[in-house]
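Q: I'd like to ask some things about the structure below.
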Amino acid sequence: MSKLPTDFFFGAAMSGPQTEGAWRRFGKVDNLWDTWSNERIEDFHNRVGSYAGNDFTDRHNEDFAILRDLGLTSWRTSIQWSRLMDADGRVNPEGAAYYHELFADAKKAGLETFVCLYHFDMPTYLFRRGGWDSREVVEAYGNYARAALEEFGGEIKYWFTFNEPVVEPQNRYTFGAWYPFHHDFAEARRVQYGISLAHCLGVAAFRDLQAAGTVRPDAKIGLINCFTPPYTRENPSEADLEAVRMTDGIDNRWWLDLVTKGTLPQDVMATLAERGVDVPVRPGDEQILAQGRVDWLGFNYYHPARVQAPSSDTDEYGNPVFASEYVWPDAVMNESRGWEIYPKGIYDFAMTMKRDYPDLEWYVSENGIGIEGEDSSKDASGAIQDDYRIDFVGQHLQWIAKAIEDGAKCRGYHYWAVIDNWSWNNAFKNRYGFVEVNLSDNYSRHLKKSASWLREVATTHEIAPHSEGFVSESA
Ligand code: IFM
């Protein structure tokens with residue numbers, strides 16, 4: 001039986017754009033998810049666009065009661081930039097009132113609220129001015145972060161500037177998977193650099209406002225990323241190790257260096273420059289980057305990165321390639337999502353943090369398993385029998401417990417997503433929840449089998465082994 005510390009917190013991770021819905025209520029302007037839904041609804045699973053979320057706006061008190069009933073004491077959401085600010089960069093009073101009420105209701109329910117300021121939800125009018133590739137937009141983010149901290153800094157203790165800043169460069173600008181569907185590695189790095197500067201402006205606003213007494217004195221600021229512990233094949237060549245260096249450098253070390261040292265990894269910048277990828281550094285940026293140091297970090301963990309030497313130097317679009325995927329023969333896959341399930345990766349990342357960034361506290365800000373077609377595993381009472389979720393979470397928590405025993409500074413765990421929610425263009429295809437959302441019955445909520453297991457773990461902090469290993473065929 002593994003045991004987690006008593007002061008280790010358990011909670012729920014979610015985001016504004018994936019839950020709130022109410023896309024044109026409370027003065028919200030469109031973000032890129034709304035624009036994409038309006039322009040090409042056929043790209044979304046079952047044509048379910050960004051409009052309704054999981055009906056959280058109208059059901060949030062019911063959801064808070066469910067989280068408390070499951071033994072959870074904290075939750076993370078994000079403020080939607082497109083709801084809090086109007087298109088002139090001023091606070092939208094209706095949006096501000098919306099979030100004041102939400103945070104007050106969470107507090108009444110006994111939940112500590114963690115707030116992230118950006119979760120892939122670029123307002124469309126700012127995208128049209130150049131998005132993260134534009135300094136004007138980077139500065140607009142600084143203005144927005146300052147306004148949000150002024151508005152809610154007395155209420156909220158845990159702040160984060162960004163969620164998963166690697167994802168927009170990848171999905172929007174490299175893989176062409178998300179609006180605006182580009183395949184441009186250099187543009188992706190410019191966007192990554194713009195996000196990095198914006199993060200620093202957010203931290204700088206936080207520090208100013210905390211010094212001025214607007215942000216509460218016990219508040220902390222951090223960054224959340226989906227770090228991917230990197231692996232390559234056995235007996236690697238130098239070229240395989242080089243592939244690991246650059247993958248780890250762009251996806252992990254870039255952010256870890258920024259938030260601990262206030263710099264970007266020089267080896268990565270040098271290799272990018274050698275391959276003709278220009279990051280638009282301006283005089284004065286060094287001082288901005290130096291402000292990026294945070295108080296703690298969020299680690300979203302879903303899967304590792306397995307890479308090897310690239311099979312060619314450039315791809316079909318002429319982009320430089322630094323690594324090819326390595327298919328590990330022993331990999332267990334979540335076929336619904338195409339992601340490898342590797343619970344030990346969480347421990348390996350924890351040990352890397354202990355070795356390379358020993359002073360930084362962190363928590364697991366997301367971890368979860370999304371499964372397609374869960375309806376088929378309902379029992380006679382209609383409850384989804386999701387033993388695979390118990391296996392998945394149990395094994396990850398066991399590795400976290402071991403990491404803490406071995407000196408990791410991991411302070412808590414938020415599951416993604418305790419209540420099924422809208423997952424971007426996958427919409428409701430893959431279900432993550434301990435709680436089902438029934439779309440055929442007006443978004444009604446129903447506990448799955450795993451919910452009682454979660455309640456037991458969250459209240460006792462003890463994790464009993466559920467099975468001998470991850471049962472891959474359940475997924
Ligand atoms: O839904 C996403 C979330 O927005 C960010 N982390 C991964 C989740 C599951 O795909």
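Residue names in the structure tokens use chain letters A, B, ... in the order shown, residue numbers from 1 in each chain, and ligand numbers from 1 in the order shown.
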At a cut-off of 8 Å, using only C-alpha atoms, what residues contact stretch 121-126 of chain A? Leave out same-chain residues fewer than 3 positions from it and give the result as a list of chain:residue names.

A: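 In the requested form, the answer reads A:Pro17, A:Val29, A:Asp30, A:Asn31, A:Leu32, A:Trp33, A:Thr35, A:Gln80, A:Trp81, A:Ser82, A:Ala87, A:Tyr118, A:Arg129, A:Gly130, A:Gly131, A:Val137.
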
Q: Where in stretch 286-383 of chain A does DSSP assign helix (DSSP H, G or I), given as a list of chain:residue names?

A: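 Here are the helix (DSSP H, G or I) residues of stretch 286-383 of chain A: A:Glu286, A:Gln287, A:Ile288, A:Leu289, A:Ala290, A:Gln291, A:Gly292, A:Lys344, A:Gly345, A:Ile346, A:Tyr347, A:Asp348, A:Phe349, A:Ala350, A:Met351, A:Thr352, A:Met353, A:Lys354, A:Arg355, A:Asp356, A:Glu374, A:Asp375, A:Ser376, A:Ser377.
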
Q: Might you pull out every residue within 8 Å of A:Pro229, with only C-alpha atoms counted and same-chain residues fewer than 5 positions away left off, and present them as a list in words?

A: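 Residues meeting the cut-off are Asp248, His303, Pro304, Ala305, Gly345, Ile346, Asp348 and Phe349 of chain A.
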
Q: Any residue with an atom at most 9 Å from ligand 1 counts, using only C-alpha atoms and all ligand atoms. Which are they? Put them as a VMD selection string.

A: chain A and resid 13 to 15 17 to 18 119 to 120 163 to 164 167 225 to 226 300 to 302 337 366 to 370 416 to 417 421 to 424 426 430 432

Q: Restricting it to N, CA and C atoms, dump the selection as an mmCIF file, in the first residue's frame.

A:
```cif
data_model
loop_
_atom_site.group_PDB
_atom_site.id
_atom_site.type_symbol
_atom_site.label_atom_id
_atom_site.label_comp_id
_atom_site.auth_asym_id
_atom_site.auth_seq_id
_atom_site.Cartn_x
_atom_site.Cartn_y
_atom_site.Cartn_z
ATOM 1 N N ALA A 13 -8.745 19.315 -12.368
ATOM 2 C CA ALA A 13 -8.298 20.299 -13.362
ATOM 3 C C ALA A 13 -9.358 20.424 -14.448
ATOM 4 N N MET A 14 -9.608 21.653 -14.836
ATOM 5 C CA MET A 14 -10.491 21.914 -15.989
ATOM 6 C C MET A 14 -10.081 23.248 -16.593
ATOM 7 N N SER A 15 -10.752 23.659 -17.642
ATOM 8 C CA SER A 15 -10.405 24.962 -18.229
ATOM 9 C C SER A 15 -11.690 25.681 -18.618
ATOM 10 N N PRO A 17 -12.534 27.349 -21.523
ATOM 11 C CA PRO A 17 -13.134 27.066 -22.830
ATOM 12 C C PRO A 17 -13.699 25.652 -22.962
ATOM 13 N N GLN A 18 -13.293 24.726 -22.087
ATOM 14 C CA GLN A 18 -13.769 23.357 -22.240
ATOM 15 C C GLN A 18 -14.973 23.035 -21.364
ATOM 16 N N HIS A 119 -5.506 29.253 -21.735
ATOM 17 C CA HIS A 119 -5.608 27.820 -22.029
ATOM 18 C C HIS A 119 -5.989 27.672 -23.503
ATOM 19 N N PHE A 120 -5.075 27.991 -24.375
ATOM 20 C CA PHE A 120 -5.216 27.876 -25.848
ATOM 21 C C PHE A 120 -6.329 28.777 -26.414
ATOM 22 N N ASN A 163 -1.209 27.505 -19.653
ATOM 23 C CA ASN A 163 -1.296 26.048 -19.669
ATOM 24 C C ASN A 163 -0.667 25.533 -20.959
ATOM 25 N N GLU A 164 0.257 24.590 -20.837
ATOM 26 C CA GLU A 164 0.835 23.856 -21.970
ATOM 27 C C GLU A 164 1.261 24.763 -23.123
ATOM 28 N N VAL A 167 1.809 23.517 -26.781
ATOM 29 C CA VAL A 167 0.782 22.901 -27.627
ATOM 30 C C VAL A 167 0.372 23.775 -28.809
ATOM 31 N N ASN A 225 3.012 23.094 -17.753
ATOM 32 C CA ASN A 225 3.306 22.542 -19.079
ATOM 33 C C ASN A 225 3.091 21.028 -19.070
ATOM 34 N N CYS A 226 2.855 20.501 -20.276
ATOM 35 C CA CYS A 226 2.745 19.047 -20.412
ATOM 36 C C CYS A 226 4.155 18.544 -20.714
ATOM 37 N N ASN A 300 1.751 18.684 -16.222
ATOM 38 C CA ASN A 300 0.698 17.849 -16.799
ATOM 39 C C ASN A 300 1.375 16.618 -17.363
ATOM 40 N N TYR A 301 0.977 15.447 -16.913
ATOM 41 C CA TYR A 301 1.634 14.242 -17.440
ATOM 42 C C TYR A 301 0.628 13.281 -18.054
ATOM 43 N N TYR A 302 0.829 13.044 -19.331
ATOM 44 C CA TYR A 302 0.010 12.059 -20.042
ATOM 45 C C TYR A 302 0.850 10.937 -20.647
ATOM 46 N N ARG A 337 -6.738 7.662 -27.743
ATOM 47 C CA ARG A 337 -6.061 8.951 -27.856
ATOM 48 C C ARG A 337 -4.760 8.851 -28.645
ATOM 49 N N GLU A 366 -2.195 18.039 -14.191
ATOM 50 C CA GLU A 366 -3.130 17.242 -14.997
ATOM 51 C C GLU A 366 -2.559 15.846 -15.145
ATOM 52 N N ASN A 367 -3.442 14.875 -15.150
ATOM 53 C CA ASN A 367 -3.094 13.494 -15.481
ATOM 54 C C ASN A 367 -4.436 12.822 -15.663
ATOM 55 N N GLY A 368 -4.565 11.990 -16.678
ATOM 56 C CA GLY A 368 -5.878 11.392 -16.873
ATOM 57 C C GLY A 368 -5.902 10.526 -18.115
ATOM 58 N N ILE A 369 -7.014 9.835 -18.284
ATOM 59 C CA ILE A 369 -7.146 8.920 -19.423
ATOM 60 C C ILE A 369 -8.503 9.150 -20.097
ATOM 61 N N GLY A 370 -8.443 9.417 -21.398
ATOM 62 C CA GLY A 370 -9.663 9.670 -22.167
ATOM 63 C C GLY A 370 -9.975 8.460 -23.023
ATOM 64 N N TRP A 416 -7.346 15.317 -14.579
ATOM 65 C CA TRP A 416 -8.035 15.856 -15.752
ATOM 66 C C TRP A 416 -8.907 14.783 -16.330
ATOM 67 N N ALA A 417 -10.116 14.933 -16.502
ATOM 68 C CA ALA A 417 -10.994 15.943 -16.005
ATOM 69 C C ALA A 417 -12.014 15.188 -15.177
ATOM 70 N N ASN A 421 -15.547 16.542 -20.077
ATOM 71 C CA ASN A 421 -15.704 17.874 -20.679
ATOM 72 C C ASN A 421 -15.392 17.868 -22.174
ATOM 73 N N TRP A 422 -15.523 19.026 -22.771
ATOM 74 C CA TRP A 422 -15.328 19.198 -24.215
ATOM 75 C C TRP A 422 -13.825 19.265 -24.502
ATOM 76 N N SER A 423 -13.380 18.399 -25.416
ATOM 77 C CA SER A 423 -11.938 18.303 -25.675
ATOM 78 C C SER A 423 -11.590 18.812 -27.063
ATOM 79 N N TRP A 424 -11.722 20.120 -27.278
ATOM 80 C CA TRP A 424 -11.279 20.750 -28.519
ATOM 81 C C TRP A 424 -11.951 20.089 -29.722
ATOM 82 N N ASN A 426 -11.809 17.129 -30.681
ATOM 83 C CA ASN A 426 -12.340 15.797 -30.350
ATOM 84 C C ASN A 426 -13.683 15.902 -29.635
ATOM 85 N N ASN A 430 -13.530 11.349 -26.514
ATOM 86 C CA ASN A 430 -12.849 10.615 -25.443
ATOM 87 C C ASN A 430 -13.301 11.167 -24.101
ATOM 88 N N TYR A 432 -12.895 11.540 -20.087
ATOM 89 C CA TYR A 432 -11.845 11.488 -19.059
ATOM 90 C C TYR A 432 -12.402 11.311 -17.652
#
```

Q: So, with only C-alpha atoms as the atoms that count, which of A:Asp257, A:Asp86, A:Asp240, A:Asp386 lies closest to A:Gly27?

A: A:Asp86

Q: Expressed in Å to a single decimal, how great is the separation between atom CA of A:Arg355 and atom CA of A:Tyr342?

A: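 Atom-to-atom, atom CA of A:Arg355 and atom CA of A:Tyr342 are spaced 20.9 Å apart.
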
Q: With DSSP run on the backbone, what are the strand (DSSP E or B) residues within stretch 101-300 of chain A? I'd like them as a list of chain:residue names.

A: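 Of stretch 101-300 of chain A, only A:Glu112, A:Thr113, A:Phe114, A:Val115, A:Cys116, A:Pro123, A:Tyr158, A:Trp159, A:Phe160, A:Thr161, A:Phe162, A:Asn163, A:Lys220, A:Ile221, A:Gly222, A:Leu223, A:Ile224, A:Asn225, A:Pro230, A:Tyr231, A:Trp296, A:Leu297, A:Gly298, A:Phe299, A:Asn300 fall in strand (DSSP E or B).
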
Q: How close does stretch 49-143 of chain A get to stretch 441-444 of chain A? List, as a Markdown table, each residue of stretch 49-143 of chain A within 10 Å, its nearest atom pair and the distance in Å to one decimal, counting only C-alpha atoms.

A:
```
| residue | atom | partner | partner_atom | distance |
| --- | --- | --- | --- | --- |
| A:Ala52 | CA | A:Tyr443 | CA | 9.9 |
| A:Gly53 | CA | A:Tyr443 | CA | 9.9 |
| A:Asn54 | CA | A:Tyr443 | CA | 6.7 |
| A:Asp55 | CA | A:Tyr443 | CA | 6.7 |
| A:Phe56 | CA | A:Tyr443 | CA | 9.3 |
| A:Arg59 | CA | A:Tyr443 | CA | 9.3 |
```

Q: Take the residues just selected and output them with all heavy atoms as a PDB file, in the first residue's frame.

A:
```pdb
ATOM      1  N   ALA A  52     -21.116  25.164 -26.033  1.00  0.00           N
ATOM      2  CA  ALA A  52     -21.812  24.824 -24.778  1.00  0.00           C
ATOM      3  C   ALA A  52     -20.893  24.280 -23.689  1.00  0.00           C
ATOM      4  O   ALA A  52     -21.323  24.099 -22.551  1.00  0.00           O
ATOM      5  CB  ALA A  52     -22.917  23.808 -25.065  1.00  0.00           C
ATOM      6  N   GLY A  53     -19.630  23.987 -24.011  1.00  0.00           N
ATOM      7  CA  GLY A  53     -18.750  23.386 -23.001  1.00  0.00           C
ATOM      8  C   GLY A  53     -19.398  22.118 -22.457  1.00  0.00           C
ATOM      9  O   GLY A  53     -19.978  21.342 -23.215  1.00  0.00           O
ATOM     10  N   ASN A  54     -19.324  21.919 -21.137  1.00  0.00           N
ATOM     11  CA  ASN A  54     -20.095  20.804 -20.562  1.00  0.00           C
ATOM     12  C   ASN A  54     -21.220  21.355 -19.676  1.00  0.00           C
ATOM     13  O   ASN A  54     -21.640  20.717 -18.732  1.00  0.00           O
ATOM     14  CB  ASN A  54     -19.203  19.813 -19.800  1.00  0.00           C
ATOM     15  CG  ASN A  54     -18.611  20.409 -18.539  1.00  0.00           C
ATOM     16  OD1 ASN A  54     -18.823  21.585 -18.231  1.00  0.00           O
ATOM     17  ND2 ASN A  54     -17.848  19.620 -17.810  1.00  0.00           N
ATOM     18  N   ASP A  55     -21.639  22.565 -20.013  1.00  0.00           N
ATOM     19  CA  ASP A  55     -22.771  23.216 -19.337  1.00  0.00           C
ATOM     20  C   ASP A  55     -22.403  23.662 -17.914  1.00  0.00           C
ATOM     21  O   ASP A  55     -23.272  23.831 -17.052  1.00  0.00           O
ATOM     22  CB  ASP A  55     -23.988  22.277 -19.290  1.00  0.00           C
ATOM     23  CG  ASP A  55     -25.298  23.040 -19.131  1.00  0.00           C
ATOM     24  OD1 ASP A  55     -25.347  24.220 -19.520  1.00  0.00           O
ATOM     25  OD2 ASP A  55     -26.253  22.466 -18.584  1.00  0.00           O
ATOM     26  N   PHE A  56     -21.119  23.879 -17.700  1.00  0.00           N
ATOM     27  CA  PHE A  56     -20.633  24.214 -16.356  1.00  0.00           C
ATOM     28  C   PHE A  56     -21.194  25.546 -15.860  1.00  0.00           C
ATOM     29  O   PHE A  56     -21.490  25.693 -14.667  1.00  0.00           O
ATOM     30  CB  PHE A  56     -19.102  24.253 -16.409  1.00  0.00           C
ATOM     31  CG  PHE A  56     -18.433  24.644 -15.127  1.00  0.00           C
ATOM     32  CD1 PHE A  56     -18.486  23.817 -14.017  1.00  0.00           C
ATOM     33  CD2 PHE A  56     -17.711  25.827 -15.035  1.00  0.00           C
ATOM     34  CE1 PHE A  56     -17.842  24.168 -12.837  1.00  0.00           C
ATOM     35  CE2 PHE A  56     -17.069  26.186 -13.857  1.00  0.00           C
ATOM     36  CZ  PHE A  56     -17.138  25.351 -12.748  1.00  0.00           C
ATOM     37  N   ARG A  59     -24.341  24.838 -14.306  1.00  0.00           N
ATOM     38  CA  ARG A  59     -24.370  23.723 -13.349  1.00  0.00           C
ATOM     39  C   ARG A  59     -23.210  23.784 -12.365  1.00  0.00           C
ATOM     40  O   ARG A  59     -22.906  22.786 -11.704  1.00  0.00           O
ATOM     41  CB  ARG A  59     -24.229  22.399 -14.116  1.00  0.00           C
ATOM     42  CG  ARG A  59     -25.428  22.011 -14.905  1.00  0.00           C
ATOM     43  CD  ARG A  59     -25.119  20.718 -15.653  1.00  0.00           C
ATOM     44  NE  ARG A  59     -26.279  20.270 -16.378  1.00  0.00           N
ATOM     45  CZ  ARG A  59     -27.179  19.411 -15.886  1.00  0.00           C
ATOM     46  NH1 ARG A  59     -27.023  18.910 -14.688  1.00  0.00           N
ATOM     47  NH2 ARG A  59     -28.211  19.063 -16.604  1.00  0.00           N
TER      48      ARG A  59
END
```

Q: I'd like to know which of A:Asp133, A:Asp7, A:Asp218, A:Glu325 is closest to A:Val244, using only C-alpha atoms.

A: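 Answer, going by the shortest atom-to-atom distance: A:Glu325.
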
Q: Rounded to one decimal in Å, what is the spacing between atom CA of A:Arg445 and atom CA of A:Asp379?

A: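 Going from atom CA of A:Arg445 over to atom CA of A:Asp379, I get 16.3 Å.
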
Q: Counting only C-alpha atoms, which residue out of A:Val91, A:Leu360, A:Ala106, A:Val48 sits closest to A:Asn61?

A: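 Under the stated criterion, the closest residue is A:Ala106.
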